[in-house]
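**Q** Structure file structure-v9.csv, CSV, C-alpha atoms, is pasted below:
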chain,number,residue,atom,x,y,z
A,12,MET,CA,78.0,153.4,119.7
A,13,VAL,CA,79.2,149.9,120.5
A,14,GLN,CA,77.5,148.2,123.4
A,15,PRO,CA,79.8,146.3,125.8
A,16,VAL,CA,79.3,142.6,125.8
A,17,SER,CA,77.8,141.4,129.1
A,18,LYS,CA,79.4,138.4,130.9
A,19,PRO,CA,76.4,136.1,130.3
A,20,SER,CA,76.6,136.7,126.5
A,21,SER,CA,80.4,136.2,126.5
A,22,PHE,CA,80.0,133.0,128.3
A,23,LEU,CA,77.4,131.9,125.8
A,24,LEU,CA,79.6,132.8,122.8
A,25,LEU,CA,82.6,131.0,124.3
A,26,SER,CA,80.4,127.9,125.0
A,27,ILE,CA,79.2,127.8,121.4
A,28,LEU,CA,82.8,128.2,120.1
A,29,ALA,CA,83.9,125.4,122.4
A,30,LEU,CA,81.1,123.1,121.3
A,31,LEU,CA,82.0,123.8,117.6
A,32,ALA,CA,85.6,123.1,118.3
A,33,ILE,CA,84.8,119.8,120.0
A,34,SER,CA,82.4,118.9,117.2
A,35,LEU,CA,85.1,119.5,114.6
A,36,ILE,CA,87.7,117.5,116.5
A,37,CYS,CA,85.3,114.6,117.0
A,38,THR,CA,84.3,114.6,113.3
A,39,CYS,CA,87.9,114.6,112.2
A,40,THR,CA,89.0,111.8,114.5
A,41,LEU,CA,86.0,109.6,114.1
A,42,ARG,CA,85.7,109.8,110.3
A,43,PRO,CA,87.5,106.8,108.7
A,44,GLN,CA,90.5,107.9,106.8
A,45,SER,CA,90.1,107.4,103.1
A,46,LYS,CA,92.6,105.0,101.5
A,47,GLU,CA,94.1,105.8,98.2
A,48,ILE,CA,92.9,103.2,95.7
A,49,ALA,CA,95.1,102.7,92.6
A,50,THR,CA,93.0,102.6,89.4
A,51,GLN,CA,93.7,102.5,85.7
A,52,VAL,CA,91.2,103.1,83.0
A,53,TYR,CA,91.4,102.1,79.3
A,54,PHE,CA,89.0,103.0,76.4
A,55,SER,CA,88.7,101.3,73.1
A,56,PRO,CA,88.9,100.9,70.2
A,57,ASN,CA,92.7,100.5,70.3
A,58,GLY,CA,93.2,101.8,73.8
A,59,GLY,CA,95.5,99.1,75.2
A,60,ALA,CA,92.9,97.2,77.3
A,61,THR,CA,93.9,93.8,76.0
A,62,GLN,CA,97.6,94.4,76.8
A,63,ALA,CA,96.6,95.8,80.2
A,64,ILE,CA,94.7,92.5,80.9
A,65,ILE,CA,97.6,90.5,79.7
A,66,ASN,CA,100.0,92.4,82.0
A,67,GLU,CA,97.8,91.8,85.0
A,68,ILE,CA,97.5,88.0,84.2
A,69,ASN,CA,101.3,87.8,83.8
A,70,ASN,CA,101.8,89.5,87.2
A,71,ALA,CA,99.4,87.3,89.0
A,72,LYS,CA,101.1,85.1,91.6
A,73,SER,CA,98.4,82.9,93.2
A,74,GLU,CA,94.9,83.1,91.7
A,75,ILE,CA,92.8,84.5,88.8
A,76,LEU,CA,89.1,84.2,88.8
A,77,VAL,CA,87.3,85.0,85.6
A,78,GLN,CA,83.7,85.8,84.8
A,79,SER,CA,82.9,86.5,81.1
A,80,TYR,CA,80.1,86.8,78.7
A,81,SER,CA,81.9,86.9,75.4
A,82,PHE,CA,85.4,85.4,75.4
A,83,THR,CA,87.1,85.0,72.1
A,84,SER,CA,90.4,86.7,72.6
A,85,THR,CA,93.2,84.3,71.8
A,86,PRO,CA,96.0,86.4,73.5
A,87,ILE,CA,94.0,86.6,76.7
A,88,ALA,CA,93.1,82.9,76.7
A,89,GLN,CA,96.7,81.9,76.0
A,90,VAL,CA,98.2,83.9,78.9
A,91,LEU,CA,95.5,82.5,81.2
A,92,VAL,CA,96.7,79.0,80.3
A,93,GLU,CA,100.4,80.1,80.7
A,94,ALA,CA,99.5,81.4,84.2
A,95,HIS,CA,97.8,78.0,85.0
A,96,LYS,CA,100.9,76.2,83.8
A,97,ARG,CA,103.1,78.3,86.1
A,98,GLY,CA,101.0,77.3,89.1
A,99,VAL,CA,98.5,80.1,89.4
A,100,LYS,CA,95.0,78.8,90.2
A,101,VAL,CA,92.8,79.9,87.3
A,102,GLU,CA,89.1,79.3,87.2
A,103,ALA,CA,86.6,80.7,84.7
A,104,ILE,CA,82.8,81.1,84.7
A,105,LEU,CA,81.5,81.8,81.2
A,106,ASP,CA,78.1,82.4,79.7
A,107,LYS,CA,76.1,79.5,78.2
A,108,SER,CA,76.7,81.0,74.7
A,109,GLN,CA,80.2,79.5,75.0
A,110,ARG,CA,78.6,76.0,74.6
A,111,LYS,CA,77.4,76.8,71.1
A,112,GLY,CA,80.6,77.6,69.2
A,113,GLN,CA,82.7,75.1,67.4
A,114,TYR,CA,85.9,75.7,69.4
A,115,THR,CA,85.4,78.4,72.0
A,116,SER,CA,87.6,79.9,74.7
A,117,ALA,CA,85.7,77.6,77.1
A,118,THR,CA,86.9,74.6,75.1
A,119,PHE,CA,90.4,75.9,74.9
A,120,LEU,CA,90.6,76.6,78.7
A,121,ALA,CA,89.0,73.3,79.7
A,122,ASN,CA,91.2,71.3,77.4
A,123,THR,CA,94.3,72.8,79.0
A,124,GLY,CA,93.2,72.0,82.5
A,125,VAL,CA,91.8,75.3,83.6
A,126,LEU,CA,88.6,74.8,85.7
A,127,THR,CA,85.8,76.1,83.5
A,128,PHE,CA,82.2,76.5,84.4
A,129,ILE,CA,79.1,77.6,82.5
A,130,ASP,CA,76.6,79.9,84.2
A,131,ASP,CA,73.2,79.1,82.6
A,132,LYS,CA,71.0,80.3,85.4
A,133,HIS,CA,70.5,83.8,83.8
A,134,ALA,CA,69.2,85.0,80.5
A,135,ILE,CA,72.8,86.0,80.0
A,136,ALA,CA,75.8,85.9,82.3
A,137,HIS,CA,76.9,89.4,81.2
A,138,ASN,CA,79.9,89.9,83.6
A,139,LYS,CA,83.3,91.0,82.4
A,140,VAL,CA,85.4,90.5,85.4
A,141,MET,CA,88.8,89.2,86.5
A,142,ILE,CA,90.0,89.1,90.1
A,143,PHE,CA,93.8,88.8,90.7
A,144,ASP,CA,95.4,87.5,93.9
A,145,ARG,CA,92.4,88.6,96.0
A,146,GLU,CA,93.6,92.2,95.7
A,147,ALA,CA,92.8,93.6,92.2
A,148,VAL,CA,89.7,93.6,90.0
A,149,ILE,CA,89.3,94.2,86.2
A,150,THR,CA,85.8,95.2,85.2
A,151,GLY,CA,83.9,97.4,82.7
A,152,SER,CA,82.0,97.0,79.5
A,153,PHE,CA,85.1,95.4,77.8
A,154,ASN,CA,84.4,91.8,76.6
A,155,PHE,CA,87.5,89.7,76.3
A,156,THR,CA,87.3,89.8,72.5
A,157,LYS,CA,89.3,91.1,69.6
A,158,ALA,CA,86.3,93.2,68.5
A,159,ALA,CA,86.3,94.9,72.0
A,160,GLU,CA,89.9,96.0,71.5
A,161,GLU,CA,89.8,96.9,67.8
A,162,LYS,CA,86.2,97.9,66.9
A,163,ASN,CA,83.9,98.6,69.8
A,164,ALA,CA,83.6,101.6,72.1
A,165,GLU,CA,84.4,100.0,75.5
A,166,ASN,CA,85.9,100.8,78.8
A,167,LEU,CA,88.0,98.8,81.2
A,168,LEU,CA,88.9,99.6,84.8
A,169,ILE,CA,91.7,98.0,86.8
A,170,ILE,CA,91.2,98.6,90.5
A,171,LYS,CA,93.7,97.6,93.2
A,172,SER,CA,91.6,97.1,96.3
A,173,LYS,CA,91.4,94.1,98.6
A,174,GLU,CA,88.0,95.3,99.9
A,175,LEU,CA,86.6,95.5,96.4
A,176,ALA,CA,88.2,92.2,95.4
A,177,SER,CA,86.6,90.6,98.4
A,178,ALA,CA,83.1,91.8,97.3
A,179,TYR,CA,83.8,90.5,93.7
A,180,ILE,CA,85.0,87.2,95.1
A,181,ASP,CA,81.8,86.8,97.1
A,182,ASN,CA,79.8,87.4,93.9
A,183,TRP,CA,82.0,85.1,91.9
A,184,MET,CA,81.5,82.3,94.4
A,185,LYS,CA,77.7,82.7,94.4
A,186,HIS,CA,77.7,82.3,90.6
A,187,ARG,CA,80.2,79.4,90.8
A,188,GLU,CA,77.7,77.6,93.2
A,189,HIS,CA,75.0,77.4,90.5
A,190,SER,CA,77.3,77.0,87.5
A,191,GLU,CA,78.0,73.6,85.8
A,192,PRO,CA,81.4,72.3,85.0
A,193,TYR,CA,82.1,72.7,81.3
A,194,GLN,CA,82.5,69.4,79.4
A,195,PRO,CA,84.3,70.2,76.1
A,196,ARG,CA,83.2,68.3,73.0
A,197,HIS,CA,86.5,68.5,71.2
Output the file's structure as structure tokens, nothing else.

**A**
Amino acid sequence: MVQPVSKPSSFLLLSILALLAISLICTCTLRPQSKEIATQVYFSPNGGATQAIINEINNAKSEILVQSYSFTSTPIAQVLVEAHKRGVKVEAILDKSQRKGQYTSATFLANTGVLTFIDDKHAIAHNKVMIFDREAVITGSFNFTKAAEEKNAENLLIIKSKELASAYIDNWMKHREHSEPYQPRH
């Protein structure tokens, strides 16, 4: 036999339901709305990462900041110089290993007027980053080299996010502060 619900228990049940409803409403309205972040991913070998980087460089309108460990890709270096020539601010921070080569991307960039710096304050400056127009970031294991595109197992992410770009710019600036201007020998 079903027992009738007394008024005090009904009141308690309704109170609990009301509190749950209010809690749910508050949770939904106070939680920040997630923003859709556009991302692209590329894998190598031969996954199109170099072309994706070239496309981003060609689409840049005001600024490109580069941090790179190994940088030997002629096509990427050439489009960075083209961006510089069309008025985009291009600056690069490269690893100290770029000083050792006969004619490196550091030399090529610096000789064409791109501000180029060497970060020698770490065992290696192992970043692989480009920041575009303060709103997009390229990062991943992909070095800016022909081998990364054609031979190595690498990954590259392109992330369109002003918030993320801001964090990467802050980090880039910290490294720029302790880096030295590159003086090409050739």

**Q** Between A:Ser108, A:Thr150, A:Gln62, A:Ser172, which residue has the minimum interatomic distance to Ile48 in chain A, considering all atoms listed in the file?

**A**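 Checking each candidate against Ile48 in chain A, we get A:Ser172 as the closest.
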
**Q** To one decimal in Å, tell me the separation between CA of Asp131 in chain A and CA of Asn166 in chain A.

**A**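 If I compute the distance from CA of Asp131 in chain A to CA of Asn166 in chain A, I get 25.4 Å.
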
**Q** Between A:Asn66, A:Asn122, A:Gln78, A:Ser177, single out the one closest to Asp144 in chain A, counting only C-alpha atoms.

**A**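 Looking only at the distances to Asp144 in chain A, the closest residue turns out to be A:Ser177.
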
**Q** Taking into account all atoms listed in the file, which residue in the set A:Ser55, A:Thr115, A:Asn154, A:Thr123 is nearest to Tyr80 in chain A?

**A**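 Nearest to Tyr80 in chain A: A:Asn154.
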
**Q** Could you check how far CA of Phe155 in chain A sits from CA of Ala88 in chain A, in Å to one decimal?

**A**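 Spanning CA of Phe155 in chain A to CA of Ala88 in chain A is a straight-line distance of 8.8 Å.
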
**Q** Using CA of Gly58 in chain A and CA of Lys96 in chain A as the two end points, give the distance in Å to one decimal.

**A**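 Straight-line distance from CA of Gly58 in chain A to CA of Lys96 in chain A works out to 28.5 Å.
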